[in-house]
$ cat structure18.cif   # mmCIF, C-alpha atoms
data_structure
#
loop_
_atom_site.label_atom_id
_atom_site.label_comp_id
_atom_site.auth_asym_id
_atom_site.auth_seq_id
_atom_site.Cartn_x
_atom_site.Cartn_y
_atom_site.Cartn_z
CA MET A 724 -70.00 -59.03 16.49
CA SER A 725 -67.13 -56.61 15.86
CA SER A 726 -64.12 -57.92 13.96
CA ILE A 727 -60.53 -56.74 14.04
CA ALA A 728 -61.16 -55.00 10.72
CA ASP A 729 -64.05 -53.06 12.29
CA VAL A 730 -62.01 -51.76 15.22
CA LEU A 731 -59.16 -50.72 12.92
CA SER A 732 -61.44 -48.46 10.89
CA PRO A 733 -60.68 -44.70 11.03
CA GLU A 734 -63.97 -44.11 12.84
CA ALA A 735 -63.14 -46.61 15.58
CA LYS A 736 -59.65 -45.18 16.00
CA ALA A 737 -61.04 -41.67 16.38
CA HIS A 738 -63.55 -42.87 18.97
CA THR A 739 -60.80 -44.57 20.93
CA ALA A 740 -58.64 -41.44 20.86
CA GLN A 741 -61.52 -39.48 22.39
CA LYS A 742 -62.20 -42.12 25.06
CA GLY A 743 -58.62 -42.44 26.18
CA SER A 744 -56.97 -45.72 27.19
CA THR A 745 -58.67 -48.95 26.14
CA ASN A 746 -56.91 -50.53 29.12
CA ALA A 747 -59.18 -48.99 31.74
CA ASN A 748 -60.68 -52.17 33.16
CA GLY A 749 -58.00 -52.99 35.70
CA PHE A 750 -56.11 -55.26 33.29
CA THR A 751 -52.82 -56.49 34.69
CA ASP A 752 -50.10 -54.20 33.32
CA TYR A 753 -47.78 -53.34 36.18
CA PHE A 754 -45.03 -51.77 34.05
CA ASP A 755 -47.28 -49.91 31.61
CA LEU A 756 -46.67 -52.30 28.73
CA ASP A 757 -49.38 -50.39 26.88
CA GLY A 758 -46.86 -47.59 26.53
CA LEU A 759 -44.82 -49.90 24.29
CA LEU A 760 -47.78 -50.91 22.10
CA THR A 761 -49.12 -49.20 19.00
CA GLU A 762 -52.67 -47.93 18.74
CA GLU A 763 -53.38 -50.83 16.39
CA ASN A 764 -52.06 -53.35 18.94
CA ILE A 765 -54.37 -51.97 21.63
CA LEU A 766 -57.42 -51.90 19.34
CA VAL A 767 -56.81 -55.49 18.24
CA ARG A 768 -56.42 -56.63 21.83
CA GLN A 769 -59.64 -54.91 22.86
CA SER A 770 -61.55 -56.48 19.99
CA ILE A 771 -60.49 -59.99 20.99
CA ARG A 772 -60.99 -59.25 24.69
CA ASP A 773 -64.59 -58.24 23.98
CA PHE A 774 -65.09 -61.35 21.86
CA VAL A 775 -63.79 -63.63 24.60
CA LYS A 776 -66.00 -62.00 27.22
CA LYS A 777 -69.05 -62.48 25.00
CA GLU A 778 -68.47 -65.83 23.31
CA ILE A 779 -66.10 -67.86 25.52
CA SER A 780 -66.10 -66.78 29.17
CA PRO A 781 -69.84 -67.33 29.83
CA ASN A 782 -69.65 -70.88 28.43
CA ILE A 783 -66.17 -72.24 28.99
CA GLU A 784 -66.70 -73.91 32.37
CA ARG A 785 -69.67 -75.83 31.00
CA TRP A 786 -67.80 -76.82 27.85
CA ALA A 787 -64.82 -78.01 29.89
CA GLN A 788 -66.94 -79.93 32.40
CA GLN A 789 -68.76 -81.67 29.55
CA ALA A 790 -65.61 -82.19 27.43
CA HIS A 791 -67.46 -80.41 24.65
CA PHE A 792 -65.80 -78.75 21.67
CA PRO A 793 -68.12 -75.96 20.46
CA SER A 794 -67.87 -76.36 16.69
CA GLU A 795 -69.67 -73.08 16.17
CA ILE A 796 -66.71 -71.21 17.67
CA VAL A 797 -64.70 -71.90 14.50
CA ARG A 798 -66.86 -69.65 12.33
CA LYS A 799 -66.94 -67.03 15.10
CA PHE A 800 -63.13 -67.02 15.33
CA GLY A 801 -63.06 -66.47 11.58
CA GLU A 802 -65.54 -63.59 11.80
CA VAL A 803 -63.55 -61.80 14.50
CA GLY A 804 -60.26 -62.21 12.60
CA ALA A 805 -58.47 -64.62 14.96
CA PHE A 806 -57.32 -67.00 12.22
CA GLY A 807 -54.08 -66.15 10.43
CA PRO A 808 -53.90 -62.51 11.55
CA THR A 809 -50.38 -62.07 10.13
CA ILE A 810 -51.32 -63.58 6.73
CA PRO A 811 -51.71 -60.91 4.00
CA GLN A 812 -55.24 -59.65 3.43
CA GLU A 813 -55.31 -60.86 -0.18
CA TYR A 814 -55.47 -64.42 1.16
CA GLY A 815 -58.07 -63.65 3.82
CA GLY A 816 -55.71 -62.84 6.70
CA GLY A 817 -55.45 -59.69 8.75
CA GLY A 818 -52.08 -58.37 7.59
CA LEU A 819 -51.18 -57.55 11.22
CA ASP A 820 -47.83 -57.49 12.98
CA TYR A 821 -46.61 -60.20 15.34
CA ILE A 822 -47.26 -58.25 18.53
CA SER A 823 -50.91 -58.01 17.52
CA TYR A 824 -50.87 -61.75 16.91
CA GLY A 825 -49.35 -62.35 20.33
CA LEU A 826 -51.98 -60.18 22.01
CA ILE A 827 -54.73 -62.11 20.21
CA MET A 828 -53.35 -65.37 21.58
CA GLN A 829 -53.01 -63.84 25.06
CA GLU A 830 -56.62 -62.71 25.16
CA ILE A 831 -57.99 -66.01 23.83
CA GLU A 832 -55.99 -67.98 26.40
CA ARG A 833 -57.25 -65.73 29.18
CA GLY A 834 -60.50 -67.40 28.20
CA ASP A 835 -59.10 -70.92 27.77
CA SER A 836 -55.97 -72.68 26.51
CA GLY A 837 -58.04 -75.10 24.44
CA MET A 838 -59.70 -72.24 22.61
CA ARG A 839 -56.30 -70.68 21.97
CA SER A 840 -55.03 -74.03 20.69
CA THR A 841 -57.82 -74.10 18.11
CA ALA A 842 -56.86 -70.66 16.83
CA SER A 843 -53.12 -71.22 17.13
CA VAL A 844 -53.17 -74.45 15.13
CA GLN A 845 -55.30 -72.87 12.42
CA GLY A 846 -53.08 -69.81 12.01
CA SER A 847 -49.56 -70.95 12.84
CA LEU A 848 -49.56 -74.62 11.88
CA VAL A 849 -51.95 -74.73 8.93
CA MET A 850 -52.24 -71.31 7.31
CA PHE A 851 -48.59 -70.35 7.85
CA PRO A 852 -47.05 -73.31 5.96
CA ILE A 853 -49.57 -73.01 3.12
CA TYR A 854 -48.71 -69.31 2.79
CA ALA A 855 -44.94 -69.73 3.28
CA TYR A 856 -44.40 -72.91 1.28
CA GLY A 857 -47.47 -73.40 -0.88
CA SER A 858 -48.14 -72.55 -4.51
CA GLU A 859 -50.36 -69.62 -5.47
CA GLU A 860 -53.07 -72.10 -6.38
CA GLN A 861 -52.85 -73.69 -2.92
CA ARG A 862 -52.89 -70.30 -1.21
CA HIS A 863 -56.03 -69.17 -3.00
CA LYS A 864 -57.79 -72.51 -2.57
CA PHE A 865 -57.17 -73.06 1.14
CA LEU A 866 -56.30 -69.81 2.94
CA PRO A 867 -59.54 -67.82 2.50
CA ARG A 868 -61.62 -70.79 3.67
CA LEU A 869 -59.38 -71.30 6.68
CA ALA A 870 -59.30 -67.58 7.52
CA SER A 871 -63.09 -67.31 7.50
CA GLY A 872 -63.61 -70.43 9.61
CA GLU A 873 -65.44 -72.19 6.79
CA TRP A 874 -62.75 -74.86 7.09
CA LEU A 875 -60.91 -76.09 10.15
CA GLY A 876 -57.35 -77.33 9.72
CA CYS A 877 -54.88 -79.45 11.66
CA PHE A 878 -51.14 -80.18 11.63
CA GLY A 879 -49.73 -83.71 11.52
CA LEU A 880 -46.16 -84.10 12.78
CA THR A 881 -46.15 -86.07 16.07
CA GLU A 882 -46.41 -89.85 15.68
CA PRO A 883 -47.14 -92.62 18.19
CA ASP A 884 -43.41 -93.41 18.38
CA HIS A 885 -41.88 -90.06 17.41
CA GLY A 886 -42.56 -86.89 19.41
CA SER A 887 -39.44 -84.95 20.40
CA ASN A 888 -37.61 -86.66 17.52
CA PRO A 889 -39.76 -85.74 14.51
CA GLY A 890 -36.97 -86.66 12.10
CA GLY A 891 -37.59 -90.31 12.97
CA MET A 892 -41.10 -90.25 11.49
CA THR A 893 -42.30 -93.30 9.59
CA THR A 894 -45.29 -91.74 7.82
CA ASN A 895 -44.35 -91.88 4.13
CA ILE A 896 -45.33 -91.00 0.59
CA ARG A 897 -44.37 -92.80 -2.58
CA GLU A 898 -44.80 -91.55 -6.11
CA GLU A 899 -47.22 -93.51 -8.27
CA GLY A 900 -47.89 -92.05 -11.69
CA ASP A 901 -49.70 -88.72 -11.47
CA HIS A 902 -50.17 -88.92 -7.69
CA TYR A 903 -48.62 -90.05 -4.40
CA ILE A 904 -49.68 -92.76 -1.96
CA LEU A 905 -49.61 -91.75 1.73
CA ASN A 906 -49.34 -94.23 4.60
CA GLY A 907 -48.78 -93.83 8.32
CA ALA A 908 -50.34 -92.23 11.40
CA LYS A 909 -50.09 -89.08 13.52
CA LEU A 910 -51.10 -88.77 17.17
CA TRP A 911 -52.17 -85.99 19.59
CA ILE A 912 -53.46 -83.78 16.79
CA SER A 913 -55.55 -80.76 17.83
CA ASN A 914 -58.61 -80.13 15.63
CA SER A 915 -58.18 -83.40 13.71
CA PRO A 916 -61.64 -84.99 14.25
CA GLU A 917 -63.36 -81.98 12.67
CA CYS A 918 -60.72 -80.83 10.19
CA GLN A 919 -61.38 -80.32 6.50
CA VAL A 920 -57.66 -80.20 5.67
CA ALA A 921 -54.54 -81.53 7.39
CA VAL A 922 -50.99 -80.31 6.79
CA VAL A 923 -49.07 -83.58 7.11
CA TRP A 924 -45.34 -84.16 7.12
CA ALA A 925 -44.11 -87.39 5.55
CA LYS A 926 -40.94 -88.90 4.11
CA ASN A 927 -40.59 -89.60 0.40
CA GLU A 928 -38.69 -92.51 -1.13
CA GLN A 929 -35.42 -90.61 -0.70
CA GLY A 930 -36.09 -90.09 3.00
CA ARG A 931 -36.73 -86.36 2.57
CA ILE A 932 -39.57 -84.77 4.53
CA LYS A 933 -42.33 -83.17 2.46
CA GLY A 934 -45.50 -81.29 3.34
CA VAL A 935 -48.74 -82.87 2.13
CA LEU A 936 -52.23 -81.33 2.11
CA VAL A 937 -54.71 -84.08 2.96
CA GLU A 938 -58.38 -83.23 2.48
CA ARG A 939 -61.45 -84.61 4.21
CA GLY A 940 -63.11 -87.25 2.05
CA MET A 941 -59.94 -88.70 0.57
CA GLU A 942 -60.33 -92.48 0.65
CA GLY A 943 -58.28 -94.12 3.41
CA PHE A 944 -58.03 -90.93 5.52
CA THR A 945 -59.62 -91.17 8.99
CA THR A 946 -59.43 -89.00 12.11
CA PRO A 947 -60.36 -90.92 15.30
CA GLU A 948 -61.03 -88.75 18.34
CA ILE A 949 -59.09 -89.13 21.61
CA HIS A 950 -61.40 -89.27 24.64
CA ASN A 951 -61.05 -89.10 28.43
CA LYS A 952 -58.65 -86.14 28.56
CA TRP A 953 -58.18 -84.32 31.87
CA SER A 954 -56.66 -81.36 30.02
CA LEU A 955 -57.80 -79.10 27.14
CA ARG A 956 -61.27 -80.56 27.59
CA ALA A 957 -62.94 -77.88 25.46
CA SER A 958 -60.52 -78.57 22.61
CA ILE A 959 -60.92 -81.51 20.24
CA THR A 960 -57.96 -83.87 19.84
CA GLY A 961 -57.44 -86.97 17.75
CA GLU A 962 -55.34 -89.00 15.38
CA LEU A 963 -54.64 -88.90 11.67
CA VAL A 964 -54.58 -92.31 10.01
CA PHE A 965 -53.50 -92.81 6.38
CA ASP A 966 -54.18 -96.12 4.66
CA ASN A 967 -53.00 -95.88 1.05
CA VAL A 968 -54.42 -92.37 0.67
CA LYS A 969 -54.18 -91.11 -2.90
CA ILE A 970 -52.70 -87.59 -2.87
CA PRO A 971 -52.78 -85.46 -6.06
CA LYS A 972 -49.40 -83.97 -6.89
CA GLU A 973 -50.90 -80.48 -6.64
CA ASN A 974 -51.42 -81.16 -2.91
CA ILE A 975 -47.69 -81.33 -2.16
CA LEU A 976 -46.19 -78.13 -0.72
CA PRO A 977 -43.66 -77.27 -3.43
CA ASN A 978 -41.40 -74.77 -1.69
CA VAL A 979 -39.89 -76.63 1.27
CA GLU A 980 -38.15 -79.90 2.00
CA GLY A 981 -36.71 -81.38 5.19
CA LEU A 982 -37.33 -80.54 8.83
CA LYS A 983 -37.10 -76.81 8.11
CA GLY A 984 -40.77 -76.87 7.11
CA PRO A 985 -42.37 -78.30 10.24
CA LEU A 986 -39.88 -76.67 12.60
CA SER A 987 -40.59 -73.19 11.20
CA CYS A 988 -44.30 -73.84 11.79
CA LEU A 989 -43.53 -74.82 15.37
CA ASP A 990 -41.59 -71.58 15.84
CA SER A 991 -44.69 -69.65 14.80
CA ALA A 992 -46.91 -71.66 17.16
CA ARG A 993 -44.45 -71.43 20.07
CA PHE A 994 -44.37 -67.67 19.67
CA GLY A 995 -48.15 -67.64 20.14
CA ILE A 996 -47.88 -69.89 23.19
CA ALA A 997 -45.32 -67.55 24.77
CA TRP A 998 -48.02 -64.87 24.72
CA GLY A 999 -50.98 -67.16 25.31
CA ALA A 1000 -49.74 -68.70 28.55
CA ILE A 1001 -49.39 -65.17 29.95
CA GLY A 1002 -53.12 -64.78 29.40
CA ALA A 1003 -53.86 -67.88 31.47
CA ALA A 1004 -51.58 -66.59 34.23
CA ILE A 1005 -53.27 -63.19 34.21
CA ASP A 1006 -56.70 -64.76 34.55
CA CYS A 1007 -55.54 -66.83 37.53
CA TYR A 1008 -53.81 -63.86 39.17
CA GLU A 1009 -56.75 -61.50 38.73
CA SER A 1010 -59.12 -64.11 40.15
CA ALA A 1011 -56.82 -64.69 43.15
CA LEU A 1012 -56.41 -60.96 43.82
CA LYS A 1013 -60.15 -60.36 43.72
CA TYR A 1014 -60.87 -63.39 45.91
CA SER A 1015 -58.23 -62.40 48.48
CA LEU A 1016 -59.80 -58.96 48.86
CA GLN A 1017 -63.30 -60.41 49.37
CA ARG A 1018 -62.58 -63.52 51.45
CA GLU A 1019 -62.38 -62.79 55.18
CA GLN A 1020 -60.77 -64.86 57.92
CA PHE A 1021 -59.97 -63.82 61.49
CA GLY A 1022 -62.05 -60.69 60.93
CA LYS A 1023 -60.22 -59.25 57.91
CA PRO A 1024 -59.58 -59.94 54.20
CA ILE A 1025 -56.99 -62.65 53.60
CA ALA A 1026 -55.21 -60.14 51.33
CA SER A 1027 -54.04 -58.44 54.52
CA PHE A 1028 -51.93 -61.44 55.57
CA GLN A 1029 -48.24 -61.47 54.73
CA LEU A 1030 -48.11 -64.90 53.08
CA GLN A 1031 -51.00 -64.06 50.75
CA GLN A 1032 -49.33 -60.77 49.82
CA LYS A 1033 -46.09 -62.66 49.16
CA LYS A 1034 -47.90 -64.97 46.75
CA LEU A 1035 -49.63 -62.10 44.95
CA ALA A 1036 -46.49 -59.96 44.76
CA GLU A 1037 -44.46 -62.83 43.31
CA MET A 1038 -47.21 -63.66 40.83
CA ILE A 1039 -47.42 -60.14 39.42
CA THR A 1040 -43.62 -59.91 39.29
CA GLU A 1041 -43.31 -63.07 37.20
CA ILE A 1042 -46.20 -62.08 34.94
CA THR A 1043 -44.57 -58.70 34.33
CA LYS A 1044 -41.21 -60.28 33.47
CA ALA A 1045 -42.91 -62.63 31.00
CA GLN A 1046 -44.86 -59.76 29.43
CA LEU A 1047 -41.70 -57.78 28.80
CA LEU A 1048 -39.89 -60.83 27.40
CA ALA A 1049 -42.79 -61.58 25.04
CA TRP A 1050 -43.00 -57.96 23.91
CA ARG A 1051 -39.29 -57.87 23.08
CA LEU A 1052 -39.62 -61.16 21.22
CA GLY A 1053 -42.48 -59.64 19.25
CA VAL A 1054 -40.29 -56.69 18.27
CA LEU A 1055 -37.57 -59.07 17.09
CA LYS A 1056 -40.14 -61.14 15.21
CA ASN A 1057 -41.47 -58.04 13.45
CA GLU A 1058 -37.91 -57.20 12.44
CA GLY A 1059 -37.24 -60.73 11.18
CA ARG A 1060 -34.54 -61.23 13.81
CA ALA A 1061 -36.16 -63.62 16.32
CA THR A 1062 -34.26 -66.92 16.53
CA SER A 1063 -35.71 -70.35 17.19
CA ALA A 1064 -33.76 -70.50 20.46
CA GLN A 1065 -35.19 -67.18 21.63
CA ILE A 1066 -38.71 -68.40 20.85
CA SER A 1067 -38.04 -71.62 22.77
CA MET A 1068 -36.86 -69.68 25.81
CA ALA A 1069 -39.95 -67.48 25.80
CA LYS A 1070 -42.33 -70.41 25.37
CA ARG A 1071 -40.73 -72.35 28.20
CA ASN A 1072 -40.57 -69.35 30.52
CA SER A 1073 -44.18 -68.30 29.98
CA VAL A 1074 -45.62 -71.76 30.53
CA GLU A 1075 -43.51 -72.47 33.62
CA MET A 1076 -44.53 -69.09 35.02
CA ALA A 1077 -48.21 -69.68 34.26
CA LEU A 1078 -48.18 -73.09 35.93
CA HIS A 1079 -46.63 -71.59 39.06
CA VAL A 1080 -49.13 -68.74 39.12
CA ALA A 1081 -52.04 -71.16 38.68
CA ARG A 1082 -50.86 -73.31 41.58
CA GLU A 1083 -50.35 -70.32 43.87
CA ALA A 1084 -53.74 -68.95 42.86
CA ARG A 1085 -55.32 -72.30 43.73
CA GLN A 1086 -53.84 -72.01 47.23
CA ILE A 1087 -55.27 -68.51 47.69
CA HIS A 1088 -58.73 -69.72 46.66
CA GLY A 1089 -58.56 -72.54 49.20
CA GLY A 1090 -61.12 -75.29 48.63
CA MET A 1091 -63.06 -73.10 46.20
CA GLY A 1092 -60.06 -73.22 43.88
CA ILE A 1093 -60.88 -76.76 42.79
CA THR A 1094 -64.41 -75.94 41.69
CA GLY A 1095 -65.78 -74.68 38.41
CA GLU A 1096 -66.88 -71.52 40.17
CA TYR A 1097 -63.39 -70.20 39.47
CA PRO A 1098 -61.11 -70.77 36.45
CA ILE A 1099 -58.04 -71.95 38.36
CA MET A 1100 -58.18 -75.74 38.08
CA ARG A 1101 -59.23 -75.57 34.43
CA HIS A 1102 -56.24 -73.35 33.60
CA MET A 1103 -53.94 -75.57 35.66
CA MET A 1104 -55.05 -78.73 33.87
CA ASN A 1105 -54.82 -77.04 30.48
CA LEU A 1106 -51.30 -75.81 31.16
CA GLU A 1107 -50.20 -79.39 31.86
CA SER A 1108 -50.71 -79.96 28.13
CA VAL A 1109 -49.24 -76.64 27.06
CA VAL A 1110 -46.02 -77.39 28.97
CA THR A 1111 -45.59 -80.50 26.80
CA TYR A 1112 -46.89 -79.69 23.32
CA GLU A 1113 -44.97 -77.76 20.65
CA GLY A 1114 -41.78 -79.02 22.32
CA THR A 1115 -41.59 -80.34 25.86
CA HIS A 1116 -40.37 -78.29 28.81
CA ASP A 1117 -37.11 -80.26 28.90
CA ILE A 1118 -36.45 -80.07 25.16
CA HIS A 1119 -36.81 -76.29 25.22
CA LEU A 1120 -34.32 -76.12 28.06
CA LEU A 1121 -31.87 -78.18 26.01
CA ILE A 1122 -32.44 -75.96 22.97
CA THR A 1123 -31.23 -73.04 25.07
CA GLY A 1124 -28.35 -75.18 26.36
CA ALA A 1125 -27.30 -76.09 22.83
CA ASP A 1126 -27.53 -72.46 21.75
CA ILE A 1127 -25.25 -71.14 24.51
CA THR A 1128 -22.72 -74.01 24.48
CA GLY A 1129 -22.75 -75.05 20.85
CA ILE A 1130 -23.27 -78.67 21.95
CA GLN A 1131 -26.52 -80.56 21.33
CA ALA A 1132 -27.41 -82.76 24.31
CA PHE A 1133 -30.42 -84.54 22.79
CA LYS A 1134 -28.88 -86.16 19.73
#
$ encode --input "structure18.cif" --output "C-alpha cells"
Amino acid sequence: MSSIADVLSPEAKAHTAQKGSTNANGFTDYFDLDGLLTEENILVRQSIRDFVKKEISPNIERWAQQAHFPSEIVRKFGEVGAFGPTIPQEYGGGGLDYISYGLIMQEIERGDSGMRSTASVQGSLVMFPIYAYGSEEQRHKFLPRLASGEWLGCFGLTEPDHGSNPGGMTTNIREEGDHYILNGAKLWISNSPECQVAVVWAKNEQGRIKGVLVERGMEGFTTPEIHNKWSLRASITGELVFDNVKIPKENILPNVEGLKGPLSCLDSARFGIAWGAIGAAIDCYESALKYSLQREQFGKPIASFQLQQKKLAEMITEITKAQLLAWRLGVLKNEGRATSAQISMAKRNSVEMALHVAREARQIHGGMGITGEYPIMRHMMNLESVVTYEGTHDIHLLITGADITGIQAFK
C-alpha cells in the first residue's frame, strides 16, 4: 500500500509530471479547483483516493449494514499517513499543509463519514492537543504511536448533561499527593471503546479546565459502547466513565488551561469536517449523475428531463461554492489567519449543503436510493450526525451571528 510519503518522493513527482493531471477520472471539479492546488496537494489527494478505493469502498456497505467497526483500518490509516498529517515529522506526522489535510478528509468521507470521523478524531482531537499543549515527553510517548495507528485515541468533552455548553462540565480532578483523582463521565465519544488513550477535559479544584491523558488499563476507567445507532454505523462510539481514576501528574497537559484548549481542538476538527462533508456530497452527486444517465423512463434517460437537470445543476453549483469556500479557508489556515467564526461558517455550510445534495440524490435514484446498492442513504444517515457533532447546526449559526453583531445569543 502506498503512503503519502511514497507519493511525495521525487520519483513519484516526476512520474506524475509525465502523466499529466492526476484528476483525470471525472472527479467533480467544475471550476478547476486543481488549478489552485499545489503539486503536493494533488499527490496527497490521489494517494488517499487510491487508499479509499482499495480499503474502504469495497467493504463499507457491509460494515455499515452490520454496524461493524473494522479495527484493522486503524493500522492501515496509520500506514497511509492519514493520522496527524499536519503534525511535524519528528513526532510521526506528515508535516503537510492544511489544504492537504482538508483533501485527506474529503477523500476519506467520500468513502464514509464514520471512517473520516475515526481519522479526524485521531488527528485533530487527540494528536493536535498533545502536540500543541503537551510536554516533550508526552509528545514523544504518544504521538508516534498514534500516528502509526498502533494506538487509537479519543477526545472527551461532551457530557450527558453538557453538550453545547462545555463550560458547565462536572467531570473533575483533584490533587492528591503525587497524582490526581479523576471522576465523571463523557458521552457520545467516537473511538472510545477501542481507545488506548483519551484526551479528557476536566475541572480542577479551582474550577479551571485542564487536559488529562487517560490511558487504557488505569483502574476505574471504562469505555462502554453505544449500540443501536442509525448513523455512523461503521464508526465505533461510546462513553468514558471515570471512577476515582488515579492520574499521574505527568499525564496533565501542562501548556493550556480553560476552554481555549478544547475549543482550539474543535476548530481543527471542524476545519476537517468542512472539507469532509464535501466528499460525501460529491459521492452522492456523482452517483446521481451516473444513475440519471443510465436509468430510462418514457424511452429516454431521466437525465434528459428538466426537473432532474435542475436537481443536478443545483447540486454541482452548491458543491462548487463549498469547495471554493473550503479552499480559501485552507489558505487562511496555512497563513495562521483563519478565525473560529470562519471555521464555524464553513463547517455549517458544507454539512447543510451535503445533506441537501444527499436528499436530492436520493430522489433521483428513486426506490433504489434507499438500498445498499448505492451510497445515498448511508451518507444521508451519517450526515445527520455530522450536522450535530463538533457544534450543532444552530450553534454554528449563532457563532456567526455573534461575530457579525458583537452580541452572543446563546449565553
$ atom_distance --input "structure18.cif" --atom1 "atom CA of Ala1132 of chain A" --atom2 "atom CA of Ile1118 of chain A"
9.5 Å
$ resolve_selection --input "structure18.cif" --expression "the PyMOL selection byres ((chain A and resi 855-860) around 9)" --output "ChimeraX atom specification"
/A:850-854,861-865,934,973-979,984
$ residues_around --input "structure18.cif" --residues "Tyr753 of chain A" --least-positions-apart "2" --cutoff "9 Å" --atoms "all atoms listed in the file" --output "ChimeraX atom specification"
/A:751,755-756,1039-1040,1042-1043
$ write_last_selection --input "structure18.cif" --atoms "C-alpha atoms" --output "short mmCIF file (atom, residue, chain, number, x, y, z; two decimals), in the coordinates of the input"
data_model
loop_
_atom_site.label_atom_id
_atom_site.label_comp_id
_atom_site.auth_asym_id
_atom_site.auth_seq_id
_atom_site.Cartn_x
_atom_site.Cartn_y
_atom_site.Cartn_z
CA THR A 751 -52.82 -56.49 34.69
CA ASP A 755 -47.28 -49.91 31.61
CA LEU A 756 -46.67 -52.30 28.73
CA ILE A 1039 -47.42 -60.14 39.42
CA THR A 1040 -43.62 -59.91 39.29
CA ILE A 1042 -46.20 -62.08 34.94
CA THR A 1043 -44.57 -58.70 34.33
#
$ atom_distance --input "structure18.cif" --atom1 "atom CA of Ala908 of chain A" --atom2 "atom CA of Ser843 of chain A"
22.0 Å
$ resolve_selection --input "structure18.cif" --expression "the PyMOL selection byres ((chain A and resi 1004-1019) around 6)" --output "PDB file with C-alpha atoms, in the coordinates of the input"
ATOM      1  CA  ARG A 833     -57.250 -65.730  29.180  1.00  0.00           C
ATOM      2  CA  ILE A1001     -49.390 -65.170  29.950  1.00  0.00           C
ATOM      3  CA  GLY A1002     -53.120 -64.780  29.400  1.00  0.00           C
ATOM      4  CA  ALA A1003     -53.860 -67.880  31.470  1.00  0.00           C
ATOM      5  CA  GLN A1020     -60.770 -64.860  57.920  1.00  0.00           C
ATOM      6  CA  LYS A1023     -60.220 -59.250  57.910  1.00  0.00           C
ATOM      7  CA  PRO A1024     -59.580 -59.940  54.200  1.00  0.00           C
ATOM      8  CA  ILE A1025     -56.990 -62.650  53.600  1.00  0.00           C
ATOM      9  CA  ALA A1026     -55.210 -60.140  51.330  1.00  0.00           C
ATOM     10  CA  ALA A1077     -48.210 -69.680  34.260  1.00  0.00           C
ATOM     11  CA  VAL A1080     -49.130 -68.740  39.120  1.00  0.00           C
ATOM     12  CA  ALA A1081     -52.040 -71.160  38.680  1.00  0.00           C
ATOM     13  CA  ALA A1084     -53.740 -68.950  42.860  1.00  0.00           C
ATOM     14  CA  ILE A1099     -58.040 -71.950  38.360  1.00  0.00           C
TER      15      ILE A1099
END
$ closest_residue --input "structure18.cif" --among "A:Leu759, A:Val1054, A:Leu1035, A:Ile1130" --to "Glu1083 of chain A" --atoms "all atoms listed in the file"
A:Leu1035
